[in-house]
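Undergrad: Dropping the structure in here first, questions after.
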Amino acid sequence: MSEEKVNLSFAKRYVEEKVLMQVINYMEGNPEKNIPQLTKIFEKMTPSPLHRQFICNIRDFYEQNPVTRAYLNSFFTDIDRDVRNKLITNFVVNSLMLSTSRRKQVEDEEQIHVPYTFLIDPTSACNLKCKGCWAGEYTKHDQIEPELMDRILYEAKELGIYAVVVSGGEPFVYPYLLDMAEKHNDMIFMVYTNGTKIDEEVADRLKELGNISPTISLEGWEDATDDRRGKGAFKRITDTMGRLRDRGILFGTSVTVTRNNVKELTSDEFIDFLIEQGVKYMWSFHYVPIGRKPDPDLMILPEQRAYLAERVPYLRLHKPLMIMDFWNDGTYTEGCIAGGKCFFHINARGDVEPCAFVHFAVDNIRDKSLKEVFKNPLFSAYQNRQPFSENMLCPCPIIDNPAALRQIVKETGARPTHDGADTVLNGEIAGFLDQRSADWKAVADPIWASRNESK
């Protein structure tokens, strides 16, 4: 991008930020009256039709549903003003408004598709050793050196990507994490964490920075969490949530749903507990048999997944908590979002993978720029097949359409990024996935047909 364009972009962002901050701060006096007005402003300022529809849906929910109204109002009572303003500026102005046109410009000039975000593991090191960890088979000494991390973030912004998801390993073990967020203070970072490394000092720094939202992993109540993450983990996590809540920091939780905890994680009691702790959003990931000692028997049953397809929408209407069901929400994302369509994954060794759960690669970020990575055959093979099914309740090429993943890996010559990654392609686990995907499709097809009939 030329210096003139950079200056114009900065000037436009500066003006929009100032106007937005005035509007947001004005809203504090009467959010119930002013939030719908703000969404109308956002809708007019946002160039992406998909994002405009999303904002319109938020306004409709706000006006029609008292729970949604209470949830959005809580951002003006529970979240620190400076933290809230920083997150909204980076998310709304930088990531939704200005970056959309930049990504479109790059796509037209370079004939590549630029995703909205990406997931990066700055380190594979972790202070815990959780059972069944999806990243458990990566080597434990890999790390993205700070110079490379800095380069990746600069290249991302150059391409129009201002939202970054961070995982690991444990990101708060990475000594440069907070300094990177400070240096790139125009970006927003959602950080998946076990929560045990956020002490008083780190919590203070998070409040000062304002552009990091921790997403803390839980398995359910204390027994289930400690069983997977180690004795005392649940207490340490709730202590961390208290530190974040007291400082007005926006944070969420991430849960892994297995056949053993479906009802527990979606019970009124557990959801109410999360809300009381100050959790503002929840990511629900179905267990996938990859990583450390994969166990297909932990996968949720088709009837349990059908239960989630009904229970999660119910909770959204009745609890002031944003819940994302990663696989069942394919309805809202037009299927799989991986392979560079909406996001991709860079592991701590630098391998560029289609998804955090698909451990195959053809490129390493140390050898290529982000722009070059977007041209790789693995991403092209993904995008040429998306959506992988006409039924958006069957979006995933691992657990819903495993034959597609085998074809992609064979076609592109993608290599496993750790020992055992290819068990999803052949052998006992692959056979299990074939059967389970067929069983789920038999259950999902009538649900999908019913939903389409009711539109």
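Ligands are numbered from 1 in the order shown, residues from 1 within each chain, and chains are lettered A, B, ... in the order they appear in the structure tokens.
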Going by DSSP on the backbone, which bits of range 191-383 of chain A are helix (DSSP H, G or I)? Write them as a PyMOL selection string, please.
TA: chain A and resi 200-209+222-229+233-246+262-265+268-277+296-298+302-318+330-333+370-373+377-383
Undergrad: Counting only C-alpha atoms, what are the residues of range 62-108 of chain A within 8 Å of range 202-225 of chain A, and for each of them which pair of atoms is the nearest and at what distance in Å, to one decimal? Sort the table by chain and rising number, as a Markdown table.
TA:
```
| residue | atom | partner | partner_atom | distance |
| --- | --- | --- | --- | --- |
| A:Asp82 | CA | A:Gly210 | CA | 6.9 |
| A:Val83 | CA | A:Gly210 | CA | 4.4 |
| A:Arg84 | CA | A:Gly210 | CA | 7.5 |
| A:Lys86 | CA | A:Gly210 | CA | 5.7 |
| A:Leu87 | CA | A:Asn211 | CA | 5.5 |
| A:Asn90 | CA | A:Asn211 | CA | 7.5 |
```
Undergrad: How would you write, as a list of chain:residue names, the set of residues in range 111-276 of chain A that DSSP gives as strand (DSSP E or B)?
TA: A:Thr117, A:Phe118, A:Leu119, A:Ile120, A:Thr123, A:Gln143, A:Ala163, A:Val164, A:Val165, A:Val166, A:Ile188, A:Phe189, A:Met190, A:Val191, A:Tyr192, A:Thr193, A:Ile212, A:Ser213, A:Pro214, A:Thr215, A:Ile216, A:Ser217, A:Leu218, A:Gly252, A:Thr253, A:Ser254, A:Val255, A:Thr256, A:Val257
Undergrad: With C-alpha atoms retained, export the selected residues as a CSV table (one decimal), in the first residue's frame.
TA:
```
chain,number,residue,atom,x,y,z
A,117,THR,CA,-9.2,-13.7,10.6
A,118,PHE,CA,-6.7,-16.4,11.5
A,119,LEU,CA,-5.6,-18.5,14.4
A,120,ILE,CA,-2.0,-18.6,15.5
A,123,THR,CA,4.1,-21.4,21.4
A,143,GLN,CA,7.8,-21.1,19.2
A,163,ALA,CA,-8.8,-9.7,14.1
A,164,VAL,CA,-6.5,-12.4,15.4
A,165,VAL,CA,-7.3,-15.5,17.4
A,166,VAL,CA,-4.4,-16.9,19.6
A,188,ILE,CA,-8.2,-7.2,18.4
A,189,PHE,CA,-7.0,-10.5,19.9
A,190,MET,CA,-9.1,-13.3,21.2
A,191,VAL,CA,-6.9,-15.6,23.2
A,192,TYR,CA,-7.8,-19.2,24.1
A,193,THR,CA,-6.2,-19.9,27.4
A,212,ILE,CA,-7.3,-8.7,24.3
A,213,SER,CA,-10.3,-10.9,25.2
A,214,PRO,CA,-9.3,-14.1,27.1
A,215,THR,CA,-11.4,-17.2,26.3
A,216,ILE,CA,-10.9,-19.6,29.3
A,217,SER,CA,-11.3,-23.3,28.8
A,218,LEU,CA,-13.7,-25.3,31.1
A,252,GLY,CA,-15.5,-15.7,27.5
A,253,THR,CA,-15.2,-19.4,27.9
A,254,SER,CA,-14.5,-22.4,25.7
A,255,VAL,CA,-15.9,-25.8,26.4
A,256,THR,CA,-15.2,-29.2,24.8
A,257,VAL,CA,-18.5,-31.1,24.5
```
Undergrad: What's around range 435-450 of chain A at 8 Å? Count only C-alpha atoms, leave out sequence neighbours fewer than 6 positions away in its own chain, and write the answer as a list of chain:residue names.
TA: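 Using only C-alpha atoms, the neighbours found are A:Leu301, A:Pro302, A:Glu303, A:Ala306, A:Asn391, A:Met392, A:Leu393, A:Cys394, A:Ile399, A:Asp400, A:Asn401, A:Pro402.
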Undergrad: Hey, which of A:Arg81, A:His141, A:Lys131, A:Ala404 ends up closest to Asp227 in chain A? Count only C-alpha atoms.
TA: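 Of A:Arg81, A:His141, A:Lys131, A:Ala404, the one nearest Asp227 in chain A, counting only C-alpha atoms, is A:Lys131.
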Undergrad: Find, counting only C-alpha atoms, the residue in A:His184, A:Ser267, A:Val106, A:Thr333 that gets nearest to Arg151 in chain A.
TA: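 Result for the nearest residue to Arg151 in chain A: A:His184.
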Undergrad: Residues at most 12 Å from Gln386 in chain A, counting only C-alpha atoms, excluding those fewer than 3 positions away in the same chain, as a PyMOL selection string?
TA: chain A and resi 330+333-342+379-383+389-392+394-397+401+404-405+408
Undergrad: Would you save the residues of that selection, restricted to N, CA and C atoms, as a short mmCIF file (atom, residue, chain, number, x, y, z; two decimals), in the first residue's frame?
TA:
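Final file, out-v8.cif:
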```
data_model
loop_
_atom_site.label_atom_id
_atom_site.label_comp_id
_atom_site.auth_asym_id
_atom_site.auth_seq_id
_atom_site.Cartn_x
_atom_site.Cartn_y
_atom_site.Cartn_z
N GLY A 330 -23.01 -24.14 11.41
CA GLY A 330 -22.73 -24.07 9.98
C GLY A 330 -23.86 -23.44 9.20
N THR A 333 -22.95 -19.83 8.75
CA THR A 333 -21.68 -19.51 8.12
C THR A 333 -21.57 -20.10 6.71
N GLU A 334 -22.67 -20.64 6.21
CA GLU A 334 -22.67 -21.31 4.91
C GLU A 334 -21.64 -22.43 4.88
N GLY A 335 -21.66 -23.25 5.95
CA GLY A 335 -20.81 -24.42 6.00
C GLY A 335 -19.46 -24.16 6.65
N CYS A 336 -18.49 -24.99 6.30
CA CYS A 336 -17.14 -24.92 6.86
C CYS A 336 -16.51 -23.55 6.61
N ILE A 337 -15.84 -23.00 7.63
CA ILE A 337 -15.21 -21.68 7.50
C ILE A 337 -13.69 -21.77 7.36
N ALA A 338 -13.15 -23.01 7.33
CA ALA A 338 -11.70 -23.19 7.36
C ALA A 338 -11.09 -23.12 5.96
N GLY A 339 -9.80 -23.44 5.88
CA GLY A 339 -9.10 -23.46 4.60
C GLY A 339 -8.95 -22.09 3.97
N GLY A 340 -8.94 -21.05 4.80
CA GLY A 340 -8.78 -19.70 4.28
C GLY A 340 -10.07 -19.05 3.84
N LYS A 341 -11.19 -19.75 3.96
CA LYS A 341 -12.47 -19.13 3.61
C LYS A 341 -12.76 -17.97 4.57
N CYS A 342 -12.77 -18.25 5.85
CA CYS A 342 -12.91 -17.23 6.88
C CYS A 342 -11.72 -17.20 7.81
N PHE A 379 -5.47 -24.64 0.39
CA PHE A 379 -6.58 -23.71 0.57
C PHE A 379 -7.50 -23.72 -0.65
N SER A 380 -6.90 -23.78 -1.83
CA SER A 380 -7.72 -23.81 -3.06
C SER A 380 -8.61 -25.04 -3.10
N ALA A 381 -8.04 -26.20 -2.70
CA ALA A 381 -8.81 -27.43 -2.70
C ALA A 381 -9.97 -27.35 -1.72
N TYR A 382 -9.73 -26.74 -0.57
CA TYR A 382 -10.80 -26.52 0.40
C TYR A 382 -11.90 -25.66 -0.20
N GLN A 383 -11.51 -24.49 -0.68
CA GLN A 383 -12.49 -23.50 -1.13
C GLN A 383 -13.26 -23.97 -2.36
N SER A 389 -21.25 -29.93 2.08
CA SER A 389 -22.55 -30.60 2.05
C SER A 389 -23.63 -29.56 1.82
N GLU A 390 -24.70 -29.95 1.17
CA GLU A 390 -25.85 -29.05 1.02
C GLU A 390 -26.56 -28.86 2.36
N ASN A 391 -26.36 -29.80 3.25
CA ASN A 391 -26.92 -29.69 4.60
C ASN A 391 -25.89 -28.96 5.47
N MET A 392 -26.20 -27.73 5.86
CA MET A 392 -25.25 -26.93 6.62
C MET A 392 -25.07 -27.39 8.05
N CYS A 394 -24.03 -30.29 8.45
CA CYS A 394 -22.93 -31.25 8.20
C CYS A 394 -21.78 -30.52 7.51
N PRO A 395 -21.20 -29.51 8.16
CA PRO A 395 -20.24 -28.65 7.47
C PRO A 395 -18.82 -29.16 7.39
N CYS A 396 -18.42 -30.06 8.30
CA CYS A 396 -17.01 -30.32 8.56
C CYS A 396 -16.43 -31.45 7.72
N PRO A 397 -15.24 -31.25 7.11
CA PRO A 397 -14.61 -32.33 6.36
C PRO A 397 -13.91 -33.37 7.24
N ASN A 401 -17.81 -35.06 6.69
CA ASN A 401 -17.53 -35.44 5.30
C ASN A 401 -16.08 -35.93 5.17
N ALA A 404 -14.07 -36.21 1.90
CA ALA A 404 -13.59 -34.98 1.27
C ALA A 404 -12.19 -34.63 1.76
N LEU A 405 -11.94 -34.83 3.05
CA LEU A 405 -10.61 -34.52 3.58
C LEU A 405 -9.57 -35.46 2.97
N ILE A 408 -8.75 -34.20 -0.46
CA ILE A 408 -7.97 -32.96 -0.43
C ILE A 408 -6.51 -33.24 -0.14
#
```
Undergrad: Rank nothing, just name the residue among A:Asn94, A:Asn65, A:Gln37, A:Gln111 nearest to Leu317 in chain A, using only C-alpha atoms.
TA: A:Asn65
Undergrad: Taking into account only C-alpha atoms, which residue in the set A:Pro296, A:Pro175, A:Pro66, A:Pro320 is nearest to Phe273 in chain A?
TA: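 The closest residue to Phe273 in chain A is A:Pro320.
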Undergrad: Write out as a list in words each polymer residue whose atoms come within 7 Å of Arg229 in chain A, counting only C-alpha atoms; drop sequence neighbours fewer than 3 positions from it.
TA: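 The residues that qualify are Leu128, Lys129, Cys130, Lys131, Thr225, Asp226 and Ala233 of chain A.
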Undergrad: Would you save the residues from that selection as a short mmCIF file (atom, residue, chain, number, x, y, z; two decimals), in the first residue's frame, using all heavy atoms?
TA:
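File part.cif, as written:
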```cif
data_model
loop_
_atom_site.label_atom_id
_atom_site.label_comp_id
_atom_site.auth_asym_id
_atom_site.auth_seq_id
_atom_site.Cartn_x
_atom_site.Cartn_y
_atom_site.Cartn_z
N LEU A 128 0.05 -27.01 31.56
CA LEU A 128 -0.82 -28.13 31.91
C LEU A 128 -0.63 -29.27 30.91
O LEU A 128 0.00 -29.08 29.85
CB LEU A 128 -2.29 -27.69 31.92
CG LEU A 128 -2.69 -26.57 32.89
CD1 LEU A 128 -4.20 -26.33 32.81
CD2 LEU A 128 -2.28 -26.89 34.32
N LYS A 129 -1.20 -30.41 31.22
CA LYS A 129 -1.16 -31.56 30.31
C LYS A 129 -2.53 -32.20 30.30
O LYS A 129 -2.77 -33.25 30.90
CB LYS A 129 -0.08 -32.56 30.74
CG LYS A 129 0.23 -33.61 29.67
CD LYS A 129 1.42 -34.47 30.07
CE LYS A 129 1.75 -35.47 28.96
NZ LYS A 129 2.90 -36.33 29.32
N CYS A 130 -3.47 -31.55 29.60
CA CYS A 130 -4.87 -31.95 29.65
C CYS A 130 -5.12 -33.22 28.83
O CYS A 130 -4.54 -33.41 27.75
CB CYS A 130 -5.76 -30.82 29.11
SG CYS A 130 -5.52 -29.26 29.98
N LYS A 131 -5.99 -34.06 29.35
CA LYS A 131 -6.38 -35.27 28.64
C LYS A 131 -7.03 -34.92 27.31
O LYS A 131 -7.90 -34.06 27.24
CB LYS A 131 -7.36 -36.08 29.48
CG LYS A 131 -6.81 -36.63 30.78
CD LYS A 131 -7.90 -37.37 31.54
CE LYS A 131 -7.41 -37.89 32.88
NZ LYS A 131 -8.50 -38.57 33.64
N THR A 225 -13.70 -30.60 35.23
CA THR A 225 -12.57 -29.75 34.84
C THR A 225 -11.27 -30.25 35.45
O THR A 225 -10.24 -30.37 34.76
CB THR A 225 -12.84 -28.30 35.26
OG1 THR A 225 -14.01 -27.82 34.58
CG2 THR A 225 -11.66 -27.40 34.91
N ASP A 226 -11.29 -30.57 36.72
CA ASP A 226 -10.06 -31.06 37.37
C ASP A 226 -9.64 -32.41 36.83
O ASP A 226 -8.44 -32.72 36.76
CB ASP A 226 -10.26 -31.15 38.89
CG ASP A 226 -10.22 -29.78 39.56
OD1 ASP A 226 -10.12 -28.77 38.85
OD2 ASP A 226 -10.30 -29.73 40.81
N ALA A 233 -7.51 -27.04 39.09
CA ALA A 233 -7.64 -26.18 37.90
C ALA A 233 -8.91 -25.34 37.95
O ALA A 233 -8.89 -24.15 37.62
CB ALA A 233 -7.62 -27.04 36.63
#
```
Undergrad: Just the number, please: distance in Å from CA of Arg102 in chain A to CA of Ile346 in chain A, one decimal.
TA: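 These two atoms are separated by 22.1 Å.
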Undergrad: Compile the contact shell of range 367-378 of chain A as an mmCIF file with N, CA and C atoms, in the first residue's frame: residues with an atom at most 8 Å away, counting only C-alpha atoms, same-chain residues fewer than 3 positions apart removed.
TA:
```cif
data_model
loop_
_atom_site.group_PDB
_atom_site.id
_atom_site.type_symbol
_atom_site.label_atom_id
_atom_site.label_comp_id
_atom_site.auth_asym_id
_atom_site.auth_seq_id
_atom_site.Cartn_x
_atom_site.Cartn_y
_atom_site.Cartn_z
ATOM 1 N N ILE A 112 -6.627 -13.488 -5.135
ATOM 2 C CA ILE A 112 -6.610 -14.415 -4.007
ATOM 3 C C ILE A 112 -7.787 -14.087 -3.101
ATOM 4 N N HIS A 113 -8.147 -15.027 -2.242
ATOM 5 C CA HIS A 113 -9.191 -14.768 -1.248
ATOM 6 C C HIS A 113 -8.522 -14.480 0.091
ATOM 7 N N VAL A 114 -8.896 -13.360 0.719
ATOM 8 C CA VAL A 114 -8.325 -12.976 2.013
ATOM 9 C C VAL A 114 -9.360 -13.246 3.095
ATOM 10 N N ILE A 152 4.184 -11.316 10.784
ATOM 11 C CA ILE A 152 2.876 -11.881 10.433
ATOM 12 C C ILE A 152 1.767 -10.877 10.701
ATOM 13 N N GLU A 155 1.874 -8.054 8.131
ATOM 14 C CA GLU A 155 1.374 -8.526 6.837
ATOM 15 C C GLU A 155 -0.136 -8.713 6.871
ATOM 16 N N ALA A 156 -0.654 -9.163 8.001
ATOM 17 C CA ALA A 156 -2.099 -9.334 8.129
ATOM 18 C C ALA A 156 -2.813 -8.006 7.938
ATOM 19 N N LEU A 159 -3.011 -6.755 4.454
ATOM 20 C CA LEU A 159 -4.016 -7.449 3.653
ATOM 21 C C LEU A 159 -5.443 -7.155 4.118
ATOM 22 N N GLY A 339 -9.796 -23.440 5.880
ATOM 23 C CA GLY A 339 -9.103 -23.462 4.600
ATOM 24 C C GLY A 339 -8.946 -22.092 3.974
ATOM 25 N N GLY A 340 -8.938 -21.052 4.803
ATOM 26 C CA GLY A 340 -8.777 -19.701 4.276
ATOM 27 C C GLY A 340 -10.074 -19.054 3.835
ATOM 28 N N VAL A 352 1.281 -23.940 8.104
ATOM 29 C CA VAL A 352 0.013 -23.282 7.820
ATOM 30 C C VAL A 352 -1.031 -24.351 7.517
ATOM 31 N N PRO A 354 -5.232 -25.751 7.402
ATOM 32 C CA PRO A 354 -6.565 -25.229 7.086
ATOM 33 C C PRO A 354 -7.379 -24.880 8.320
ATOM 34 N N ALA A 361 -0.393 -29.696 6.156
ATOM 35 C CA ALA A 361 0.079 -28.438 5.591
ATOM 36 C C ALA A 361 0.891 -28.680 4.338
ATOM 37 N N VAL A 362 0.969 -27.656 3.505
ATOM 38 C CA VAL A 362 1.880 -27.662 2.356
ATOM 39 C C VAL A 362 2.874 -26.506 2.441
ATOM 40 N N ASP A 363 2.597 -25.528 3.322
ATOM 41 C CA ASP A 363 3.451 -24.354 3.449
ATOM 42 C C ASP A 363 3.849 -24.113 4.896
ATOM 43 N N ASN A 364 4.947 -23.368 5.046
ATOM 44 C CA ASN A 364 5.369 -22.891 6.354
ATOM 45 C C ASN A 364 5.552 -21.381 6.266
ATOM 46 N N ALA A 381 -8.038 -26.195 -2.700
ATOM 47 C CA ALA A 381 -8.812 -27.434 -2.701
ATOM 48 C C ALA A 381 -9.972 -27.345 -1.719
ATOM 49 N N TYR A 382 -9.729 -26.742 -0.571
ATOM 50 C CA TYR A 382 -10.801 -26.520 0.402
ATOM 51 C C TYR A 382 -11.903 -25.660 -0.195
ATOM 52 N N ILE A 408 -8.753 -34.199 -0.462
ATOM 53 C CA ILE A 408 -7.973 -32.959 -0.434
ATOM 54 C C ILE A 408 -6.512 -33.242 -0.137
ATOM 55 N N VAL A 409 -6.249 -34.071 0.872
ATOM 56 C CA VAL A 409 -4.870 -34.389 1.244
ATOM 57 C C VAL A 409 -4.161 -35.118 0.106
ATOM 58 N N THR A 412 -3.486 -32.642 -2.929
ATOM 59 C CA THR A 412 -2.515 -31.562 -2.717
ATOM 60 C C THR A 412 -1.163 -32.046 -2.204
ATOM 61 N N ALA A 414 -0.549 -32.747 0.826
ATOM 62 C CA ALA A 414 -0.340 -32.143 2.145
ATOM 63 C C ALA A 414 0.272 -33.165 3.101
#
```
Undergrad: Between A:Thr240, A:Asn426, A:Asn328, A:Ser48, single out the one closest to Gly278 in chain A, counting only C-alpha atoms.
TA: A:Thr240
Undergrad: Provide the CA of Met180 in chain A to CA of Asn194 in chain A distance in Å, to one decimal place.
TA: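 These two atoms are separated by 19.7 Å.
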